[in-house]
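Here's run34.txt, which has compact mmCIF, C-alpha atoms:
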```
# COMPACT_ATOMS: atom_id res chain seq x y z
CA MET A 29 39.66 3.33 16.38
CA ALA A 30 36.56 2.15 18.13
CA GLN A 31 32.89 2.86 17.92
CA ILE A 32 31.71 6.08 19.50
CA GLU A 33 28.41 7.11 20.98
CA ILE A 34 26.43 8.66 18.18
CA PRO A 35 25.99 12.37 19.06
CA GLU A 36 22.61 13.26 20.49
CA PRO A 37 21.91 16.31 18.26
CA TRP A 38 22.38 14.14 15.17
CA ARG A 39 20.20 11.40 16.60
CA LYS A 40 17.43 13.78 17.59
CA GLN A 41 17.31 15.36 14.16
CA VAL A 42 17.35 12.01 12.41
CA CYS A 43 14.62 10.58 14.64
CA ALA A 44 12.43 13.63 14.08
CA ILE A 45 12.71 13.17 10.33
CA LEU A 46 12.14 9.42 10.50
CA SER A 47 9.00 9.96 12.57
CA THR A 48 7.42 11.84 9.66
CA GLU A 49 7.51 8.60 7.60
CA GLU A 50 7.71 10.78 4.49
CA THR A 51 9.40 8.26 2.26
CA GLY A 52 10.94 9.57 -0.92
CA THR A 53 10.77 13.22 0.12
CA LEU A 54 12.22 13.72 3.61
CA ILE A 55 13.48 10.16 3.88
CA GLU A 56 15.31 9.26 0.71
CA TRP A 57 16.76 5.92 -0.24
CA THR A 58 19.65 5.11 -2.51
CA ASP A 59 18.90 2.55 -5.18
CA ASP A 60 21.46 0.21 -3.67
CA ALA A 61 20.01 0.56 -0.16
CA GLU A 62 16.51 -0.32 -1.36
CA ARG A 63 17.70 -3.40 -3.24
CA ARG A 64 19.73 -4.72 -0.32
CA PHE A 65 16.94 -4.00 2.14
CA ALA A 66 14.45 -5.88 -0.04
CA ALA A 67 16.81 -8.84 -0.33
CA SER A 68 17.58 -8.99 3.41
CA PHE A 69 14.14 -8.22 4.77
CA PHE A 70 11.61 -9.23 2.16
CA ASP A 71 8.98 -9.54 4.91
CA ALA A 72 9.42 -5.95 6.14
CA TRP A 73 7.90 -2.62 5.25
CA GLU A 74 9.90 0.59 5.11
CA THR A 75 8.05 2.19 8.01
CA GLN A 76 8.91 -0.80 10.18
CA LEU A 77 12.54 -0.03 9.49
CA TYR A 78 12.06 3.61 10.50
CA ALA A 79 10.59 2.47 13.82
CA ALA A 80 13.56 0.18 14.42
CA TYR A 81 16.03 2.95 13.52
CA GLN A 82 14.28 5.28 15.96
CA ALA A 83 14.17 2.70 18.74
CA PHE A 84 17.91 2.16 18.42
CA LEU A 85 18.89 5.80 18.06
CA SER A 86 16.70 6.98 20.92
CA GLY A 87 17.99 4.27 23.25
CA ALA A 88 20.72 4.69 25.84
CA HIS A 89 24.18 5.30 24.37
CA PRO A 90 23.79 3.96 20.84
CA MET A 91 27.20 3.28 19.35
CA GLY A 92 28.38 3.59 15.78
CA CYS A 93 31.00 5.04 13.46
CA LEU A 94 31.17 8.42 11.77
CA VAL A 95 31.41 7.91 8.03
CA THR A 96 33.28 10.46 6.00
CA MET A 97 31.13 12.01 3.32
CA ASN A 98 31.91 14.66 0.77
CA THR A 99 30.97 18.15 1.87
CA PRO A 100 28.41 19.63 1.84
CA ALA A 101 26.47 16.35 1.79
CA GLY A 102 26.13 16.15 5.58
CA GLN A 103 27.03 13.75 8.35
CA ALA A 104 26.57 10.02 8.19
CA TYR A 105 26.80 7.31 10.82
CA GLU A 106 26.85 3.56 10.47
CA PHE A 107 25.76 1.22 13.22
CA LEU A 108 24.45 -2.22 14.01
CA PHE A 109 20.89 -2.36 15.26
CA PRO A 110 18.21 -4.97 15.97
CA PHE A 111 15.56 -5.45 13.31
CA LYS A 112 13.16 -8.31 12.82
CA TRP A 113 14.87 -10.38 15.53
CA ARG A 114 18.21 -10.08 13.78
CA THR A 115 21.18 -7.74 13.76
CA ALA A 116 21.10 -5.36 10.83
CA TYR A 117 23.62 -2.93 9.42
CA GLY A 118 22.42 0.64 9.03
CA LYS A 119 23.91 3.77 7.53
CA ILE A 120 22.08 7.08 7.49
CA LEU A 121 23.14 10.44 6.13
CA LEU A 122 21.72 13.59 7.69
CA ARG A 123 21.94 16.12 4.93
CA ALA A 124 23.69 19.43 5.51
CA ASP A 125 20.36 21.26 5.57
CA GLY A 126 19.32 19.12 8.56
CA ARG A 127 15.87 18.51 7.07
CA ARG A 128 16.31 15.32 5.11
CA VAL A 129 18.00 11.98 5.60
CA VAL A 130 19.26 9.46 3.10
CA VAL A 131 19.12 5.76 3.89
CA PHE A 132 22.37 4.35 2.56
CA SER A 133 22.09 0.94 4.19
CA ALA A 134 19.56 -1.24 5.94
CA HIS A 135 20.48 -4.85 5.38
CA LEU A 136 22.06 -7.87 7.00
CA PRO A 137 25.72 -7.16 7.85
CA GLU A 138 28.29 -8.38 5.37
CA LYS A 139 31.24 -7.82 7.72
CA PRO A 140 31.49 -8.65 11.43
CA LYS A 141 32.73 -5.17 12.34
CA LEU A 142 32.03 -1.58 11.40
CA SER A 143 34.50 0.47 9.37
CA CYS A 144 36.02 2.28 12.34
CA GLU A 145 36.81 -0.85 14.35
CA MET B 6 16.67 16.68 -12.77
CA ARG B 7 17.95 13.48 -14.34
CA ILE B 8 15.49 10.61 -14.17
CA LYS B 9 15.93 7.04 -15.32
CA HIS B 10 13.91 3.86 -14.97
CA GLU B 11 15.40 0.65 -13.68
CA GLU B 12 14.01 -2.81 -13.23
CA PHE B 13 13.38 -3.81 -9.63
CA GLU B 14 12.51 -7.25 -8.33
CA VAL B 15 9.86 -7.13 -5.62
CA LEU B 16 10.08 -10.10 -3.30
CA VAL B 17 6.75 -11.27 -1.95
CA PRO B 18 6.85 -13.27 1.30
CA ASN B 19 4.90 -16.46 1.82
CA LEU B 20 2.05 -16.68 4.33
CA ASP B 21 4.27 -17.08 7.40
CA ASP B 22 6.93 -14.68 6.15
CA THR B 23 9.62 -17.32 6.19
CA ALA B 24 10.44 -17.49 2.50
CA VAL B 25 9.98 -15.68 -0.78
CA ALA B 26 6.80 -16.90 -2.42
CA GLU B 27 6.95 -14.80 -5.55
CA ARG B 28 9.28 -12.46 -7.42
CA VAL B 29 7.66 -9.65 -9.37
CA LYS B 30 9.61 -7.41 -11.71
CA VAL B 31 8.60 -3.77 -11.88
CA SER B 32 10.08 -0.64 -13.40
CA ILE B 33 10.90 2.13 -10.93
CA PRO B 34 11.92 5.77 -11.52
CA LEU B 35 15.20 6.97 -10.01
CA LYS B 36 16.47 10.54 -9.72
CA TRP B 37 20.11 11.59 -9.78
CA ASP B 38 21.28 13.49 -6.71
CA GLU B 39 24.17 15.76 -7.60
CA GLU B 40 25.05 16.50 -3.99
CA ILE B 41 25.69 12.95 -2.92
CA GLN B 42 26.38 11.55 -6.37
CA GLU B 43 23.85 8.75 -6.03
CA TRP B 44 20.68 7.52 -7.73
CA LEU B 45 17.78 7.89 -5.31
CA LEU B 46 14.29 6.43 -5.45
CA THR B 47 11.50 8.87 -6.22
CA PRO B 48 8.35 8.80 -4.04
CA GLU B 49 6.58 7.04 -6.91
CA ALA B 50 9.23 4.31 -6.90
CA HIS B 51 8.50 3.55 -3.26
CA HIS B 52 4.77 3.41 -3.98
CA ILE B 53 5.31 1.01 -6.86
CA ILE B 54 7.45 -1.34 -4.78
CA GLU B 55 5.29 -1.39 -1.66
CA ASP B 56 1.95 -1.48 -3.48
CA THR B 57 3.15 -4.33 -5.68
CA LYS B 58 4.21 -6.27 -2.64
CA ALA B 59 0.96 -5.55 -0.82
CA ARG B 60 -1.19 -6.49 -3.81
CA HIS B 61 0.58 -9.80 -4.29
CA MET B 62 0.24 -10.51 -0.57
CA GLY B 63 -3.49 -10.00 -0.94
CA LEU B 64 -3.51 -6.85 1.16
CA LEU B 65 -5.92 -4.06 0.36
CA LEU B 66 -4.30 -1.00 -1.18
CA PRO B 67 -4.64 2.52 0.27
CA ALA B 68 -7.23 3.53 -2.33
CA GLN B 69 -9.31 0.48 -1.48
CA PHE B 70 -9.37 1.41 2.20
CA LYS B 71 -10.65 4.84 1.22
CA GLU B 72 -13.15 3.33 -1.18
CA LEU B 73 -14.52 1.02 1.51
CA ARG B 74 -14.95 3.90 3.93
CA ASP B 75 -16.63 6.04 1.28
CA ARG B 76 -19.02 3.22 0.52
CA TYR B 77 -20.58 3.53 3.96
CA GLY B 78 -19.98 7.26 4.42
CA PHE B 79 -17.96 6.66 7.57
CA THR B 80 -15.20 8.78 9.06
CA GLN B 81 -11.76 7.33 9.66
CA LYS B 82 -12.58 7.27 13.35
CA GLU B 83 -15.74 5.27 12.70
CA MET B 84 -13.87 2.76 10.53
CA GLY B 85 -11.27 2.40 13.26
CA GLU B 86 -14.03 1.68 15.74
CA LEU B 87 -15.76 -0.76 13.40
CA PHE B 88 -12.67 -2.94 13.14
CA GLN B 89 -11.56 -2.13 16.69
CA VAL B 90 -8.15 -0.92 15.56
CA GLY B 91 -8.34 2.80 16.33
CA GLU B 92 -8.47 5.79 14.05
CA LYS B 93 -4.70 6.05 13.75
CA SER B 94 -4.29 2.61 12.22
CA TRP B 95 -7.07 3.18 9.72
CA THR B 96 -5.62 6.56 8.73
CA ARG B 97 -2.20 5.04 8.20
CA TRP B 98 -3.61 2.27 6.01
CA GLU B 99 -5.45 4.79 3.89
CA SER B 100 -2.31 6.88 3.48
CA GLY B 101 -0.22 3.83 2.62
CA LYS B 102 2.35 4.70 5.24
CA HIS B 103 1.51 1.52 7.09
CA ARG B 104 0.08 -1.80 5.93
CA PRO B 105 -2.36 -3.99 7.83
CA SER B 106 -1.39 -7.38 9.19
CA ARG B 107 -2.60 -10.32 7.17
CA SER B 108 -5.14 -11.26 9.84
CA ILE B 109 -6.88 -7.87 10.09
CA ASN B 110 -6.65 -7.53 6.32
CA LEU B 111 -8.57 -10.77 6.00
CA LEU B 112 -11.46 -9.32 7.99
CA ILE B 113 -11.46 -6.00 6.16
CA ARG B 114 -11.27 -7.71 2.80
CA ALA B 115 -14.22 -9.86 3.78
CA LEU B 116 -16.33 -6.73 4.20
CA TYR B 117 -14.83 -5.19 1.07
CA GLU B 118 -15.81 -8.19 -1.02
CA GLY B 119 -19.17 -8.72 0.62
CA GLY B 120 -18.16 -11.85 2.51
CA ILE B 121 -19.45 -10.48 5.79
CA SER B 122 -22.06 -7.87 6.50
CA LEU B 123 -21.61 -4.39 7.86
CA ASN B 124 -24.30 -5.07 10.43
CA TYR B 125 -22.36 -8.02 11.81
CA LEU B 126 -19.37 -5.78 12.46
CA LEU B 127 -21.55 -2.98 13.83
CA LYS B 128 -23.07 -5.44 16.27
CA ARG B 129 -19.66 -6.70 17.39
CA ALA B 130 -18.52 -3.11 17.86
CA GLY B 131 -21.56 -2.42 20.04
CA LYS B 132 -23.17 -0.09 17.55
CA PRO B 133 -26.74 -0.04 16.22
CA PRO B 134 -27.30 -1.82 12.93
CA ARG B 135 -28.35 -0.11 9.78
CA GLU B 136 -31.99 -0.58 8.94
CA GLU B 137 -32.15 -1.46 5.30
CA PRO B 138 -30.69 -4.60 3.76
CA GLU B 139 -27.04 -4.02 3.23
CA TRP B 140 -26.90 -4.90 -0.42
CA ALA B 141 -29.35 -2.12 -1.07
CA SER B 142 -28.29 0.39 1.54
CA SER B 143 -25.45 2.04 -0.25
CA GLN B 144 -27.04 1.64 -3.64
CA PHE B 145 -25.04 0.11 -6.34
CA VAL B 146 -22.68 2.53 -7.96
CA TRP B 147 -21.45 1.42 -11.29
CA SER B 148 -18.58 2.85 -13.20
CA PHE B 149 -17.80 1.94 -16.70
CA PHE B 150 -14.24 1.31 -17.62
CA SER B 151 -14.81 -0.30 -20.92
CA HIS B 152 -12.52 2.26 -22.52
CA HIS B 153 -9.72 0.65 -20.54
CA THR B 154 -10.68 -2.94 -20.89
CA LYS B 155 -12.20 -2.87 -24.36
CA ARG B 156 -14.91 -4.95 -22.80
CA PRO B 157 -18.18 -3.04 -22.91
CA ASP B 158 -19.87 -5.87 -21.11
CA VAL B 159 -17.57 -5.60 -18.12
CA VAL B 160 -18.25 -3.06 -15.45
CA PHE B 161 -16.58 -2.20 -12.24
CA PHE B 162 -18.54 -2.57 -9.09
CA PRO B 163 -16.85 -0.48 -6.38
CA GLY B 164 -19.05 -1.91 -3.71
CA SER B 165 -17.45 -5.29 -4.07
CA GLY B 166 -14.01 -4.12 -5.06
CA SER B 167 -14.13 -6.44 -7.99
CA ALA B 168 -15.10 -6.40 -11.57
CA VAL B 169 -18.12 -8.30 -12.67
CA ALA B 170 -19.20 -9.29 -16.10
CA ILE B 171 -22.81 -8.62 -16.86
CA GLN B 172 -25.05 -9.72 -19.61
CA TYR B 173 -27.85 -7.57 -20.92
CA THR B 174 -31.04 -9.35 -21.85
CA PRO B 175 -33.09 -7.15 -24.19
CA SER B 176 -36.33 -9.06 -23.67
CA SER B 177 -36.31 -8.56 -19.93
CA GLY B 178 -34.26 -5.39 -19.85
CA LYS B 179 -32.15 -6.85 -17.08
CA HIS B 180 -28.46 -7.09 -16.53
CA HIS B 181 -27.24 -10.27 -14.95
CA PHE B 182 -24.06 -10.87 -13.10
CA ILE B 183 -22.13 -13.54 -14.92
CA THR B 184 -18.89 -13.86 -13.11
CA GLN B 185 -16.41 -12.00 -10.98
CA LEU B 186 -13.23 -10.85 -12.57
CA ILE B 187 -11.33 -9.68 -9.57
CA LYS B 188 -7.94 -9.73 -11.23
CA LEU B 189 -9.10 -7.45 -13.95
CA VAL B 190 -9.21 -4.47 -11.65
CA ASP B 191 -5.60 -4.93 -10.64
CA GLN B 192 -4.51 -5.09 -14.22
CA HIS B 193 -6.46 -2.09 -15.39
CA PRO B 194 -6.28 1.01 -13.20
CA TRP B 195 -9.58 2.60 -13.92
CA THR B 196 -10.91 6.08 -14.20
CA PRO B 197 -14.67 6.19 -14.15
CA LYS B 198 -16.03 7.60 -17.34
CA GLU B 199 -19.63 7.46 -16.39
CA VAL B 200 -21.13 6.79 -13.02
CA PHE B 201 -24.69 6.22 -12.03
CA THR B 202 -26.54 4.69 -9.15
CA ALA B 203 -29.26 2.13 -9.33
CA LYS B 204 -30.98 -0.18 -6.92
CA ALA B 205 -30.63 -3.82 -7.72
CA THR B 206 -33.33 -6.40 -7.35
CA LYS B 207 -33.06 -10.11 -7.01
CA SER B 208 -34.24 -12.14 -9.94
CA HIS B 209 -34.02 -15.93 -10.05
CA GLY B 210 -31.13 -15.91 -7.65
CA ARG B 211 -29.31 -13.25 -9.56
CA LEU B 212 -29.03 -9.55 -8.98
CA ALA B 213 -30.64 -7.55 -11.71
CA ILE B 214 -29.76 -3.95 -12.33
CA PRO B 215 -32.36 -1.75 -14.00
CA ALA B 216 -31.07 0.37 -16.80
CA PRO B 217 -30.78 3.97 -15.64
CA ALA B 218 -32.46 6.76 -17.49
CA HIS B 219 -29.33 8.71 -18.31
CA ALA B 220 -25.60 8.59 -18.82
CA TYR B 221 -25.56 4.96 -19.60
CA ARG B 222 -24.30 3.07 -22.54
CA GLN B 223 -25.89 -0.28 -22.99
CA PRO B 224 -23.54 -3.21 -22.99
CA ARG B 225 -22.91 -4.49 -26.44
CA LEU B 226 -24.78 -7.65 -27.15
CA ASN B 227 -23.21 -10.95 -28.08
CA THR B 228 -19.90 -10.04 -26.50
CA PRO B 229 -18.39 -13.14 -24.97
CA THR B 230 -18.21 -13.00 -21.22
CA ALA B 231 -15.71 -14.71 -19.03
CA ALA B 232 -16.81 -18.06 -17.76
```

Can I see the file as structure tokens?
Amino acid sequence: MAQIEIPEPWRKQVCAILSTEETGTLIEWTDDAERRFAASFFDAWETQLYAAYQAFLSGAHPMGCLVTMNTPAGQAYEFLFPFKWRTAYGKILLRADGRRVVVFSAHLPEKPKLSCE
Amino acid sequence: MRIKHEEFEVLVPNLDDTAVAERVKVSIPLKWDEEIQEWLLTPEAHHIIEDTKARHMGLLLPAQFKELRDRYGFTQKEMGELFQVGEKSWTRWESGKHRPSRSINLLIRALYEGGISLNYLLKRAGKPPREEPEWASSQFVWSFFSHHTKRPDVVFFPGSGSAVAIQYTPSSGKHHFITQLIKLVDQHPWTPKEVFTAKATKSHGRLAIPAPAHAYRQPRLNTPTAA
């Protein structure tokens, strides 16, 4: 398998939610994601990450992998994106209700390739 | 909803953001999400982490931005114009959604702590100065928080964003600033118990605050003050 272009409807919904910058309510973080983010990017703020996510996802043909999640949790994609002059690994879940996202990952990549490659 | 508290290590960057200067342990609340079977951070957890980081970086906190604006009775738009950053930036700093850069924070903190004058900034922003001397213009608003600090001789001075120790001299009826205890405010979130306003006067190089006629508890005498 190879990376696919992340579907536009998913991207649009995710970007709309990220643009609210409503951390902890509309944009939720797993405990693990927050700890890894803090360790990788100790000089960054969460809203800077949201801007980087949006820049990548609203760009031309962003590629990534669909990650299988338990239903009805929603749809998640993982991808590599630029953040703070480095390549970062990101994984976002758009919940089934389409109104909230969960940040599962935002840290320096631990593997050279994504799960679907 | 299941909630638990976990320890979290906040990493504070050094001045040029190239290394970790400090590690601060805090306790954060997490909520269990049944749907995705994960522990998620609550909104409060995010506030704790980001405010801790900001405070240790020397950045003003959202409440302090609001407090500074309230001190001069300005709108968010006016504060944005004063620092030439735009209303949007100021609004975001007050909400805590965004944090200022270290450089702009330095300037804002200077005003917050009385290091530069409001009139200087007004002039640079092409606005007319305020007429009265700045230290008297907003009047000094004092709020006691002795019930938090157990230090009746220590009061919080919102105008400076710092705590000051004062000494009450019965013979002259004056209160003298002794020292600034900036750290104290960080360590003791305060809720004003009593608030009053009074104009200060200068006395032998010190600011003297006349005792107000009401709602005021005199500082206890002979309480040691910080050096």

Non-local contacts of B:Gln81 (10 Å; all atoms listed in the file; under 4 positions in same chain excluded) as a PDB file with C-alpha atoms, in the frame of the given file:
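out20.pdb was written with the following content:
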```pdb
ATOM      1  CA  PHE B  70      -9.370   1.410   2.200  1.00  0.00           C
ATOM      2  CA  LYS B  71     -10.650   4.840   1.220  1.00  0.00           C
ATOM      3  CA  ARG B  74     -14.950   3.900   3.930  1.00  0.00           C
ATOM      4  CA  ASP B  75     -16.630   6.040   1.280  1.00  0.00           C
ATOM      5  CA  GLY B  85     -11.270   2.400  13.260  1.00  0.00           C
ATOM      6  CA  GLU B  86     -14.030   1.680  15.740  1.00  0.00           C
ATOM      7  CA  LEU B  87     -15.760  -0.760  13.400  1.00  0.00           C
ATOM      8  CA  GLY B  91      -8.340   2.800  16.330  1.00  0.00           C
ATOM      9  CA  GLU B  92      -8.470   5.790  14.050  1.00  0.00           C
ATOM     10  CA  LYS B  93      -4.700   6.050  13.750  1.00  0.00           C
ATOM     11  CA  SER B  94      -4.290   2.610  12.220  1.00  0.00           C
ATOM     12  CA  TRP B  95      -7.070   3.180   9.720  1.00  0.00           C
ATOM     13  CA  THR B  96      -5.620   6.560   8.730  1.00  0.00           C
ATOM     14  CA  ARG B  97      -2.200   5.040   8.200  1.00  0.00           C
ATOM     15  CA  GLU B  99      -5.450   4.790   3.890  1.00  0.00           C
TER      16      GLU B  99
END
```

Identify, on the basis of only C-alpha atoms, every residue whose closest approach to A:Thr99 does not exceed 12 Å; exclude the query and any residue fewer than 2 positions from it along the same chain; express the result as a list in words.
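Here the qualifying residues turn out to be Val95, Thr96, Met97, Ala101, Gly102, Gln103, Ala104, Leu121, Leu122, Arg123, Ala124 and Asp125 of chain A; Glu39, Glu40, Ile41 and Gln42 of chain B.
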
May I have the residues within 6 Å of A:Gln31 as a ChimeraX atom specification, using only C-alpha atoms and disregarding those fewer than 3 positions away in the same chain?
/A:91-93

Minimum-distance residue to chain A, chosen among B:Ile109, B:Met6, B:Ala50, B:Val29 (using all atoms listed in the file)
B:Ala50

Please identify all polymer residues within 12 Å of A:Lys112, counting only C-alpha atoms, omitting same-chain residues fewer than 5 positions from it, and present them as a PyMOL selection string.
(chain A and resi 68-73+76-77+79-81+134-136) or (chain B and resi 22-23)

Distance limit 8 Å, atoms considered: all atoms listed in the file. Which chain A residues sit that close to chain B? Return them as a PyMOL selection string.
chain A and resi 49+51-53+56-59+63+66-67+70-71+73+75+98+100-101

Residues within 8 Å of A:Ala116, please, as an NGL selection string. Count only C-alpha atoms; anything in the same chain fewer than 2 positions from it doesn't count.
:A and (108-111 or 114 or 118 or 134-137)

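Put simply, atom CA of B:Pro133 is 27.4 Å away from atom CA of B:Pro67.
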
Please produce stretch 91-110 of chain A, completed to N, CA and C atoms, as a compact mmCIF listing (two decimals), in the coordinates of the input.
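Heads up, here's the output in out08.txt:
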```txt
# COMPACT_ATOMS: atom_id res chain seq x y z
N MET A 91 25.83 3.16 19.86
CA MET A 91 27.20 3.28 19.35
C MET A 91 27.24 3.09 17.83
N GLY A 92 28.23 3.72 17.22
CA GLY A 92 28.38 3.59 15.78
C GLY A 92 29.66 4.26 15.32
N CYS A 93 29.80 4.42 14.04
CA CYS A 93 31.00 5.04 13.46
C CYS A 93 30.60 6.22 12.59
N LEU A 94 31.37 7.28 12.68
CA LEU A 94 31.17 8.42 11.77
C LEU A 94 31.74 8.02 10.41
N VAL A 95 30.97 8.26 9.39
CA VAL A 95 31.41 7.91 8.03
C VAL A 95 31.73 9.20 7.29
N THR A 96 32.87 9.25 6.71
CA THR A 96 33.28 10.46 6.00
C THR A 96 32.51 10.59 4.70
N MET A 97 31.87 11.74 4.56
CA MET A 97 31.13 12.01 3.32
C MET A 97 31.68 13.29 2.71
N ASN A 98 31.48 13.43 1.43
CA ASN A 98 31.91 14.66 0.77
C ASN A 98 31.07 15.84 1.25
N THR A 99 31.72 16.95 1.52
CA THR A 99 30.97 18.15 1.87
C THR A 99 30.37 18.72 0.59
N PRO A 100 29.20 19.35 0.65
CA PRO A 100 28.41 19.63 1.84
C PRO A 100 27.30 18.60 2.06
N ALA A 101 27.54 17.36 1.72
CA ALA A 101 26.47 16.35 1.79
C ALA A 101 25.85 16.23 3.17
N GLY A 102 26.67 16.27 4.22
CA GLY A 102 26.13 16.15 5.58
C GLY A 102 26.95 15.19 6.40
N GLN A 103 26.33 14.66 7.45
CA GLN A 103 27.03 13.75 8.35
C GLN A 103 26.33 12.40 8.36
N ALA A 104 27.15 11.36 8.22
CA ALA A 104 26.57 10.02 8.19
C ALA A 104 27.17 9.14 9.28
N TYR A 105 26.34 8.29 9.84
CA TYR A 105 26.80 7.31 10.82
C TYR A 105 26.36 5.92 10.38
N GLU A 106 27.22 4.97 10.69
CA GLU A 106 26.85 3.56 10.47
C GLU A 106 26.78 2.89 11.83
N PHE A 107 25.96 1.89 11.92
CA PHE A 107 25.76 1.22 13.22
C PHE A 107 25.09 -0.13 13.00
N LEU A 108 25.16 -0.94 14.02
CA LEU A 108 24.45 -2.22 14.01
C LEU A 108 23.25 -2.09 14.93
N PHE A 109 22.11 -2.54 14.47
CA PHE A 109 20.89 -2.36 15.26
C PHE A 109 19.97 -3.57 15.10
N PRO A 110 19.10 -3.82 16.09
CA PRO A 110 18.21 -4.97 15.97
C PRO A 110 17.01 -4.68 15.07
```
